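With mmCIF, C-alpha atoms inside, this is final.cif:
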```cif
data_upload
loop_
_atom_site.label_atom_id
_atom_site.label_comp_id
_atom_site.auth_asym_id
_atom_site.auth_seq_id
_atom_site.Cartn_x
_atom_site.Cartn_y
_atom_site.Cartn_z
CA MET C 880 111.25 135.52 68.99
CA ASN C 881 108.22 137.15 70.56
CA ILE C 882 106.03 134.36 71.93
CA LEU C 883 102.44 134.23 73.19
CA ILE C 884 101.09 131.46 75.46
CA LEU C 885 97.31 131.09 75.71
CA GLY C 886 95.89 129.98 79.06
CA SER C 887 95.92 130.70 82.79
CA GLY C 888 96.72 127.45 84.60
CA GLY C 889 99.63 125.46 85.96
CA ARG C 890 100.34 124.06 82.51
CA GLU C 891 100.75 127.56 81.06
CA HIS C 892 102.92 128.76 83.97
CA THR C 893 105.19 125.74 83.37
CA PHE C 894 105.42 126.55 79.64
CA ALA C 895 106.23 130.16 80.51
CA TRP C 896 108.89 129.10 83.03
CA LYS C 897 110.54 126.80 80.47
CA ILE C 898 110.32 129.22 77.51
CA ALA C 899 111.64 132.09 79.66
CA GLN C 900 114.96 130.17 79.95
CA SER C 901 115.49 130.23 76.17
CA LYS C 902 118.18 132.37 74.55
CA LYS C 903 115.90 132.55 71.47
CA LEU C 904 113.22 134.48 73.40
CA SER C 905 112.81 138.23 73.02
CA LYS C 906 109.46 138.93 74.70
CA LEU C 907 106.99 136.54 76.36
CA PHE C 908 103.25 137.19 76.75
CA VAL C 909 100.58 135.08 78.45
CA ALA C 910 96.85 135.57 77.87
CA PRO C 911 95.27 135.79 80.36
CA GLY C 912 97.97 134.30 82.66
CA ASN C 913 98.07 134.19 86.47
CA ALA C 914 100.10 135.56 89.39
CA GLY C 915 102.94 133.16 88.56
CA THR C 916 103.27 134.07 84.89
CA ASP C 917 103.11 137.75 85.90
CA LYS C 918 106.63 137.42 87.38
CA ILE C 919 108.28 136.09 84.20
CA ALA C 920 106.09 137.36 81.34
CA THR C 921 103.61 140.07 80.42
CA ASN C 922 100.05 139.04 81.24
CA VAL C 923 97.41 140.25 78.78
CA PRO C 924 93.72 140.32 79.79
CA VAL C 925 92.46 138.45 76.71
CA GLY C 926 90.34 135.27 76.83
CA VAL C 927 91.63 132.12 75.12
CA ASN C 928 88.56 131.94 72.83
CA ASP C 929 88.54 135.64 71.90
CA PHE C 930 90.22 135.05 68.53
CA ARG C 931 89.75 138.61 67.24
CA GLU C 932 91.42 140.15 70.30
CA ILE C 933 94.19 137.54 70.09
CA LYS C 934 94.77 138.56 66.43
CA LYS C 935 94.99 142.26 67.41
CA MET C 936 97.49 141.48 70.15
CA VAL C 937 99.61 139.20 67.93
CA LEU C 938 99.93 141.98 65.30
CA LYS C 939 100.51 144.74 67.85
CA GLU C 940 103.30 142.85 69.68
CA ASN C 941 104.82 141.24 66.57
CA ILE C 942 104.28 137.70 67.92
CA GLN C 943 105.98 134.96 65.87
CA LEU C 944 104.90 131.86 67.81
CA VAL C 945 101.65 131.06 69.65
CA VAL C 946 101.55 128.14 72.11
CA VAL C 947 97.95 127.05 72.79
CA GLY C 948 97.65 125.63 76.32
CA PRO C 949 94.02 124.49 76.81
CA GLU C 950 91.80 122.39 74.54
CA ASP C 951 88.89 124.84 74.05
CA PRO C 952 90.52 127.21 71.53
CA LEU C 953 91.93 124.23 69.57
CA VAL C 954 88.55 122.47 69.38
CA ASN C 955 87.03 125.84 68.42
CA GLY C 956 89.50 126.17 65.53
CA ILE C 957 92.05 128.81 66.52
CA HIS C 958 94.69 127.26 64.25
CA ASP C 959 92.28 127.42 61.26
CA PHE C 960 91.37 131.02 62.20
CA PHE C 961 95.06 131.99 61.80
CA LEU C 962 95.53 130.01 58.57
CA GLU C 963 92.46 131.60 56.96
CA ASP C 964 93.48 135.19 57.77
CA ALA C 965 96.03 136.75 55.36
CA ASP C 966 97.39 139.04 58.14
CA ILE C 967 98.37 136.21 60.50
CA LYS C 968 98.54 133.03 58.37
CA ASP C 969 102.35 132.83 58.61
CA ILE C 970 102.46 132.95 62.42
CA ALA C 971 103.41 129.56 63.89
CA ILE C 972 100.74 127.91 66.06
CA ILE C 973 101.55 125.00 68.38
CA GLY C 974 98.36 122.95 68.43
CA PRO C 975 96.39 121.00 65.82
CA GLU C 976 93.86 122.31 63.31
CA LYS C 977 90.17 121.96 64.15
CA LEU C 978 89.50 118.60 62.47
CA ALA C 979 92.39 116.89 64.30
CA ALA C 980 91.39 118.62 67.56
CA THR C 981 88.10 116.69 67.31
CA LEU C 982 90.12 113.76 68.71
CA GLU C 983 89.53 115.49 72.04
CA GLY C 984 86.36 117.36 71.12
CA SER C 985 84.41 114.15 70.41
CA LYS C 986 84.86 110.77 72.13
CA GLU C 987 82.95 109.11 69.26
CA PHE C 988 85.26 110.68 66.64
CA ALA C 989 88.31 109.47 68.61
CA LYS C 990 86.90 105.93 68.89
CA GLU C 991 86.21 105.80 65.16
CA PHE C 992 89.78 106.98 64.48
CA MET C 993 91.18 104.23 66.72
CA MET C 994 89.04 101.54 65.09
CA ARG C 995 90.03 102.74 61.60
CA HIS C 996 93.74 102.54 62.39
CA GLN C 997 93.63 99.36 64.55
CA ILE C 998 94.75 101.20 67.69
CA PRO C 999 93.96 99.06 70.79
CA THR C 1000 91.11 100.48 72.90
CA ALA C 1001 87.97 99.35 74.74
CA GLN C 1002 84.99 98.05 72.73
CA TYR C 1003 82.21 100.65 72.58
CA LYS C 1004 78.90 101.85 71.11
CA SER C 1005 77.50 105.38 71.02
CA PHE C 1006 73.93 106.55 71.59
CA THR C 1007 71.71 109.65 71.33
CA SER C 1008 68.38 110.54 72.96
CA ASP C 1009 66.63 108.80 70.02
CA THR C 1010 68.42 105.52 70.75
CA VAL C 1011 68.40 105.62 74.57
CA ASP C 1012 66.51 102.28 74.70
CA ASP C 1013 69.24 100.67 72.60
CA GLY C 1014 71.69 102.07 75.15
CA PHE C 1015 69.77 100.36 77.96
CA ASN C 1016 69.95 97.08 76.04
CA PHE C 1017 73.69 97.47 75.41
CA LEU C 1018 74.30 98.10 79.13
CA GLU C 1019 72.50 94.81 79.86
CA GLU C 1020 74.98 92.99 77.58
CA LEU C 1021 78.00 94.33 79.50
CA ASN C 1022 79.49 93.24 82.80
CA PRO C 1023 79.87 95.91 85.50
CA PRO C 1024 81.40 98.38 86.08
CA TYR C 1025 79.76 100.46 83.33
CA VAL C 1026 81.66 103.31 81.66
CA LEU C 1027 79.62 106.23 80.25
CA LYS C 1028 81.35 109.13 78.48
CA ALA C 1029 79.80 112.40 77.32
CA ASP C 1030 80.91 112.74 73.69
CA GLY C 1031 81.88 116.42 73.88
CA LEU C 1032 84.00 118.58 76.18
CA ALA C 1033 82.64 118.53 79.73
CA ALA C 1034 85.57 120.12 81.60
CA GLY C 1035 86.97 116.74 82.65
CA LYS C 1036 83.71 115.74 84.36
CA GLY C 1037 81.98 113.89 81.52
CA VAL C 1038 83.12 110.34 82.37
CA VAL C 1039 81.06 108.29 84.83
CA ILE C 1040 81.89 104.77 86.06
CA LEU C 1041 79.10 102.91 87.89
CA ASN C 1042 78.79 99.41 89.34
CA ASP C 1043 75.00 99.11 89.42
CA LEU C 1044 73.03 98.48 86.20
CA ASP C 1045 70.03 100.57 87.27
CA ASP C 1046 72.30 103.46 88.26
CA ALA C 1047 73.99 103.22 84.85
CA LYS C 1048 70.62 103.33 83.05
CA ASN C 1049 69.53 106.35 85.12
CA GLU C 1050 72.83 108.10 84.40
CA LEU C 1051 72.46 107.41 80.65
CA LYS C 1052 68.96 108.92 80.70
CA SER C 1053 70.23 111.89 82.72
CA MET C 1054 73.01 112.55 80.19
CA LEU C 1055 71.02 112.01 76.99
CA VAL C 1056 67.44 112.99 77.81
CA ASP C 1057 67.89 115.45 80.69
CA LYS C 1058 71.04 116.93 79.05
CA LYS C 1059 73.13 116.71 82.25
CA PHE C 1060 76.21 118.04 80.41
CA GLY C 1061 74.30 120.17 77.89
CA SER C 1062 75.34 119.68 74.27
CA ALA C 1063 78.44 117.74 75.44
CA SER C 1064 76.21 114.75 76.24
CA ALA C 1065 73.96 114.92 73.14
CA THR C 1066 75.85 111.73 72.26
CA VAL C 1067 77.10 109.31 74.92
CA VAL C 1068 79.72 106.62 74.37
CA ILE C 1069 79.30 103.45 76.45
CA GLU C 1070 82.37 101.24 76.57
CA GLU C 1071 83.68 98.11 78.23
CA PHE C 1072 85.52 98.67 81.50
CA LEU C 1073 89.25 98.01 81.28
CA ASP C 1074 90.87 96.81 84.50
CA GLY C 1075 94.46 97.95 84.96
CA ILE C 1076 96.72 100.84 85.92
CA GLU C 1077 96.65 104.13 84.02
CA LEU C 1078 99.45 106.30 82.67
CA SER C 1079 99.85 109.20 80.27
CA VAL C 1080 102.18 109.30 77.28
CA PHE C 1081 102.97 112.61 75.58
CA VAL C 1082 104.04 112.96 71.97
CA LEU C 1083 105.28 116.07 70.18
CA THR C 1084 104.78 115.92 66.41
CA ASP C 1085 105.31 118.21 63.43
CA GLY C 1086 102.82 116.11 61.44
CA ASP C 1087 105.59 114.06 59.94
CA SER C 1088 108.07 112.93 62.60
CA TYR C 1089 107.53 112.78 66.36
CA LYS C 1090 109.27 112.66 69.74
CA VAL C 1091 107.93 110.59 72.64
CA LEU C 1092 108.18 112.84 75.71
CA PRO C 1093 108.47 111.57 79.31
CA THR C 1094 105.62 109.43 80.67
CA ALA C 1095 103.58 110.60 83.65
CA LYS C 1096 100.99 109.25 86.06
CA ASP C 1097 98.41 111.66 87.40
CA TYR C 1098 95.89 111.32 90.20
CA LYS C 1099 92.39 112.49 89.32
CA ARG C 1100 90.28 111.74 92.41
CA ILE C 1101 89.97 114.23 95.25
CA GLY C 1102 90.27 111.62 98.03
CA GLU C 1103 93.10 109.44 99.35
CA GLY C 1104 93.29 105.99 97.74
CA ASP C 1105 91.66 107.37 94.58
CA THR C 1106 88.23 107.90 96.16
CA GLY C 1107 85.66 110.66 95.77
CA LEU C 1108 84.93 112.94 92.86
CA ASN C 1109 87.09 113.45 89.78
CA THR C 1110 89.19 116.63 89.64
CA GLY C 1111 91.39 118.24 87.02
CA GLY C 1112 94.31 116.39 88.66
CA MET C 1113 95.75 116.35 92.19
CA GLY C 1114 99.36 115.61 91.35
CA ALA C 1115 101.65 113.69 89.01
CA ILE C 1116 104.81 111.57 88.85
CA SER C 1117 107.27 111.23 85.93
CA PRO C 1118 108.57 108.81 84.74
CA VAL C 1119 106.08 106.02 85.46
CA PRO C 1120 108.07 103.28 87.24
CA PHE C 1121 106.29 100.34 85.57
CA ALA C 1122 106.70 101.74 82.03
CA ASN C 1123 109.89 99.80 81.22
CA LYS C 1124 111.54 99.65 77.79
CA ALA C 1125 109.58 96.59 76.60
CA PHE C 1126 106.27 98.21 77.53
CA MET C 1127 107.27 101.55 75.96
CA ASP C 1128 108.22 99.73 72.74
CA LYS C 1129 104.68 98.27 72.61
CA ILE C 1130 103.22 101.75 73.13
CA GLU C 1131 105.33 103.21 70.34
CA GLN C 1132 104.69 100.43 67.81
CA ARG C 1133 100.98 99.80 68.54
CA ILE C 1134 99.80 103.28 69.48
CA VAL C 1135 102.15 106.23 68.82
CA LYS C 1136 103.20 105.29 65.26
CA PRO C 1137 99.68 104.31 64.09
CA THR C 1138 98.33 107.56 65.62
CA VAL C 1139 100.81 109.83 63.80
CA GLU C 1140 100.47 107.79 60.56
CA GLY C 1141 96.67 107.78 60.95
CA LEU C 1142 96.57 111.57 61.20
CA LYS C 1143 98.55 111.76 57.94
CA MET C 1144 96.37 109.16 56.18
CA ASP C 1145 93.18 110.96 57.26
CA ASN C 1146 94.63 114.29 56.06
CA MET C 1147 94.50 115.90 59.52
CA PRO C 1148 97.51 118.26 59.77
CA TYR C 1149 98.92 118.15 63.29
CA LYS C 1150 101.62 120.37 64.77
CA GLY C 1151 101.69 120.11 68.51
CA PHE C 1152 101.30 117.84 71.52
CA ILE C 1153 99.29 114.62 71.63
CA PHE C 1154 98.36 113.41 75.10
CA ILE C 1155 97.54 109.70 75.04
CA GLY C 1156 95.68 108.45 78.12
CA LEU C 1157 96.56 104.76 78.43
CA ILE C 1158 95.76 101.80 80.63
CA LYS C 1159 98.04 98.81 81.15
CA VAL C 1160 95.86 95.69 80.98
CA GLY C 1161 98.08 92.71 81.81
CA ASP C 1162 101.20 93.56 79.82
CA ASP C 1163 99.37 95.38 77.03
CA PRO C 1164 98.68 99.09 76.55
CA LYS C 1165 95.22 100.28 75.45
CA VAL C 1166 94.06 103.83 74.73
CA ILE C 1167 91.44 105.37 77.02
CA GLU C 1168 91.41 108.78 75.35
CA TYR C 1169 93.29 111.35 73.32
CA ASN C 1170 93.82 114.96 74.34
CA VAL C 1171 95.20 117.43 71.81
CA ARG C 1172 97.42 119.39 74.20
CA MET C 1173 99.59 118.79 77.25
CA GLY C 1174 97.93 117.61 80.45
CA ASP C 1175 97.70 119.50 83.72
CA PRO C 1176 99.30 118.69 86.21
CA GLU C 1177 101.43 116.34 84.05
CA THR C 1178 103.08 119.30 82.31
CA GLU C 1179 104.47 120.33 85.69
CA VAL C 1180 106.55 117.10 85.81
CA VAL C 1181 107.15 116.48 82.07
CA LEU C 1182 108.54 119.86 80.94
CA PRO C 1183 111.01 120.22 83.84
CA ARG C 1184 112.57 116.89 82.76
CA ILE C 1185 113.20 118.12 79.18
CA GLN C 1186 116.70 119.57 78.96
CA ASN C 1187 116.45 120.95 75.41
CA ASP C 1188 115.71 124.61 74.78
CA LEU C 1189 111.91 124.40 74.44
CA VAL C 1190 111.84 127.19 71.84
CA ASP C 1191 114.16 125.10 69.63
CA LEU C 1192 111.72 122.18 69.90
CA LEU C 1193 108.64 124.30 69.18
CA LYS C 1194 110.29 126.10 66.26
CA ALA C 1195 111.29 122.70 64.82
CA VAL C 1196 107.62 121.64 65.04
CA ALA C 1197 106.51 124.79 63.23
CA ASP C 1198 109.17 124.32 60.51
CA GLN C 1199 108.60 120.54 60.22
CA LYS C 1200 112.21 119.87 61.24
CA LEU C 1201 111.56 117.94 64.45
CA ALA C 1202 113.48 114.91 63.12
CA GLU C 1203 116.68 116.97 63.26
CA ILE C 1204 116.51 117.42 67.05
CA GLU C 1205 117.65 114.91 69.64
CA LEU C 1206 115.55 114.94 72.79
CA GLN C 1207 117.58 115.29 75.99
CA LEU C 1208 115.99 114.28 79.28
CA ASP C 1209 116.81 114.60 82.97
CA GLU C 1210 116.93 110.99 84.22
CA ARG C 1211 115.72 111.96 87.70
CA THR C 1212 112.11 111.55 88.80
CA ALA C 1213 109.90 114.63 89.05
CA THR C 1214 106.78 114.78 91.20
CA THR C 1215 104.21 117.51 91.68
CA VAL C 1216 101.61 117.96 94.43
CA MET C 1217 98.58 120.16 93.68
CA THR C 1218 97.06 122.29 96.43
CA VAL C 1219 93.34 123.00 95.97
CA SER C 1220 90.65 125.27 97.37
CA GLY C 1221 88.42 124.02 100.18
CA GLY C 1222 85.26 122.46 98.72
CA TYR C 1223 86.84 121.70 95.32
CA PRO C 1224 85.80 119.98 93.02
CA GLY C 1225 82.44 121.21 94.30
CA SER C 1226 81.78 124.88 95.02
CA TYR C 1227 84.62 126.89 96.57
CA GLU C 1228 85.49 130.48 97.41
CA LYS C 1229 88.12 132.57 95.63
CA GLY C 1230 90.27 135.46 96.82
CA LYS C 1231 92.01 133.72 99.75
CA GLU C 1232 95.50 135.13 100.39
CA ILE C 1233 98.34 132.63 99.85
CA THR C 1234 101.35 132.87 102.15
CA GLY C 1235 104.64 130.98 102.40
CA ILE C 1236 105.53 130.95 98.68
CA GLU C 1237 108.87 132.67 99.25
CA SER C 1238 109.92 130.12 101.90
CA ILE C 1239 109.83 127.20 99.43
CA LYS C 1240 113.34 125.90 98.75
CA ASP C 1241 114.66 123.31 96.29
CA SER C 1242 111.26 122.87 94.60
CA LEU C 1243 109.53 124.61 91.70
CA VAL C 1244 106.30 126.53 92.32
CA PHE C 1245 103.76 126.54 89.49
CA HIS C 1246 100.66 128.72 89.90
CA ALA C 1247 97.44 127.07 88.67
CA GLY C 1248 94.55 129.20 89.94
CA THR C 1249 95.98 132.44 91.32
CA THR C 1250 95.73 136.16 90.67
CA LEU C 1251 97.16 139.38 92.10
CA LYS C 1252 94.95 141.53 94.31
CA GLU C 1253 96.37 144.70 95.85
CA GLY C 1254 99.87 143.27 95.42
CA LYS C 1255 99.01 140.01 97.17
CA VAL C 1256 98.80 136.54 95.58
CA VAL C 1257 95.28 135.16 96.13
CA THR C 1258 93.38 132.04 95.08
CA ASN C 1259 91.44 132.28 91.81
CA GLY C 1260 90.45 128.69 91.00
CA GLY C 1261 89.80 125.19 92.30
CA ARG C 1262 93.36 124.01 91.75
CA VAL C 1263 95.64 126.68 93.17
CA MET C 1264 99.34 125.81 93.15
CA ALA C 1265 101.56 122.86 92.18
CA ILE C 1266 104.87 122.11 93.94
CA THR C 1267 107.32 120.17 91.74
CA SER C 1268 110.46 118.45 93.05
CA PHE C 1269 113.21 116.19 91.71
CA GLY C 1270 114.58 113.04 93.33
CA SER C 1271 116.43 109.82 92.57
CA ASP C 1272 113.04 108.03 92.78
CA PHE C 1273 109.43 109.09 93.22
CA LYS C 1274 109.41 108.63 97.00
CA THR C 1275 112.41 110.94 97.48
CA ALA C 1276 110.93 113.54 95.12
CA LEU C 1277 107.49 113.35 96.77
CA SER C 1278 108.86 113.80 100.28
CA LYS C 1279 110.52 117.03 99.09
CA SER C 1280 107.28 118.25 97.46
CA TYR C 1281 105.27 117.47 100.62
CA GLU C 1282 107.85 119.19 102.84
CA ASN C 1283 107.46 122.36 100.76
CA VAL C 1284 103.66 122.13 100.41
CA GLU C 1285 103.47 122.39 104.19
CA LYS C 1286 105.11 125.84 104.00
CA LEU C 1287 102.17 127.11 101.93
CA SER C 1288 99.02 128.36 103.55
CA PHE C 1289 95.63 129.66 102.47
CA GLU C 1290 92.19 129.31 104.01
CA GLY C 1291 90.68 125.89 103.20
CA MET C 1292 93.84 124.52 101.52
CA ASN C 1293 93.62 120.81 100.70
CA TYR C 1294 95.92 118.30 98.94
CA ARG C 1295 96.34 114.54 98.46
CA LYS C 1296 98.85 113.06 100.92
CA ASP C 1297 99.08 109.61 99.27
CA LEU C 1298 100.39 110.21 95.74
CA GLY C 1299 102.26 107.20 94.40
CA PHE C 1300 100.32 104.82 96.67
CA ASP C 1301 99.62 102.48 93.72
CA LEU C 1302 103.20 102.30 92.46
#
```
Target format structure tokens, applied to this file:
Amino acid sequence: MNILILGSGGREHTFAWKIAQSKKLSKLFVAPGNAGTDKIATNVPVGVNDFREIKKMVLKENIQLVVVGPEDPLVNGIHDFFLEDADIKDIAIIGPEKLAATLEGSKEFAKEFMMRHQIPTAQYKSFTSDTVDDGFNFLEELNPPYVLKADGLAAGKGVVILNDLDDAKNELKSMLVDKKFGSASATVVIEEFLDGIELSVFVLTDGDSYKVLPTAKDYKRIGEGDTGLNTGGMGAISPVPFANKAFMDKIEQRIVKPTVEGLKMDNMPYKGFIFIGLIKVGDDPKVIEYNVRMGDPETEVVLPRIQNDLVDLLKAVADQKLAEIELQLDERTATTVMTVSGGYPGSYEKGKEITGIESIKDSLVFHAGTTLKEGKVVTNGGRVMAITSFGSDFKTALSKSYENVEKLSFEGMNYRKDLGFDL
């Protein structure tokens, strides 16, 4: 098969690395890709939301399968765009149609879905600029900390947790009235704070049957001990040590099954990955959020643990034959450490040369924000490169990742040195 991956981050490089191992692959393209995908696929300078250019490329290169990496094109309806066009309607797309993608595109939509299908989550109410005073009153009814979420996509920065009531009221006004996140915060969801430890569960579904993929724990904050600003993710560990069989059974029965059944009942066709952000409160799992694609950097630890030919899995999703495949997993632990640009998640400079990549041994290197400039690999984003390693447990795997991270060098390079501190 000729396959196209949409995206340019660490997630997409990991997909490319895994798909490139398949005997079913003829040609692999990544749009727009990065310096890592350039080594194993053909990068194409097309944006992930440029549907017309994507169509041209798909026809020109005789693409039979499109894997959508990021959420934007899914929320913007790329799957529907293909289905509605006679020239490309038979090309398989991995990723949900637009209505189902609203599970990530709108926090309010996702909450309503969970309530409708009795999926455990935090209690909530949503507000607009017209009802900001009601929002103030609702905040007064809650105990701190206060959780405010921009309803729409805000590049992972739309969730704010505050301990002070006045700060929370000011933040609500800033989001709704002053449009802090633009149209993404035209509606704001306020919900009760859940106290526990977080984890991510990934599900692959063909809309009928599903496979629960390896669990992962990612680390969002920039600073050691989970302090400082939120990032796109500073590293991840898979599997999650505390997610034992009894806990995973609860997740499957209370959350995964009702989610897949709920999508069917609500007539929301879904072929692709469901990322379920969970929190363990006591011994019970509750849903924090849905994403409609794989996470990043979780992909960098989840996909390497899948031993099946990924093209077989994706083709089974497209053909609604996922039930026929048995998932095979590497039992070892995988960890990834993300290196980031100096200043990230605030402002940072691009174009810094990266050295030491070729000296990394016994770990996988996944490019997140890189590009080629005059034959050299240079930084091209906030999150730059993820180093993934295997081990008998997370401490062994992490020590290998850290040992190799230290061989990398670029001006301003930063990374978290305490991953796994809470496990």
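What separates CA of Pro999 in chain C from CA of Pro1164 in chain C is a distance of 7.4 Å.
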Around all the atoms of range 910-929 of chain C listed in the file, draw an axis-aligned box and extend it by 3 Å on each of the six sides; I want its centre and edge lengths in Å to one decimal, as JSON.
```
{"center_x": 98.4, "center_y": 136.1, "center_z": 80.6, "size_x": 25.7, "size_y": 14.4, "size_z": 23.5}
```
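CA of Tyr1149 in chain C is positioned 11.2 Å from CA of Leu982 in chain C.
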Checklist line | Of the listed residues C:Val1263, C:Leu1018, C:Ala1276, C:Leu978, that which approaches Phe1289 in chain C most closely, counting all atoms listed in the file | finding: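 Among the listed residues, the smallest separation from Phe1289 in chain C belongs to C:Val1263.
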Margin query: Using only C-alpha atoms for the distances, tell me which of C:Glu1285, C:Glu991, C:Asp969, C:Glu1253 is nearest to Thr1218 in chain C.
Written below: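 For Thr1218 in chain C, the nearest of the given residues is C:Glu1285.
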Margin query: Expand the PyMOL selection byres ((chain C and resi 1181) around 8) into the explicit residue set it covers here, and present it as a list in words.
Written below: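 Evaluating the PyMOL selection byres ((chain C and resi 1181) around 8) on these coordinates yields Leu1092, Pro1093, Thr1094, Ala1095, Ser1117, Glu1177, Thr1178, Glu1179, Val1180, Leu1182, Pro1183, Arg1184, Ile1185 and Ala1213 of chain C.
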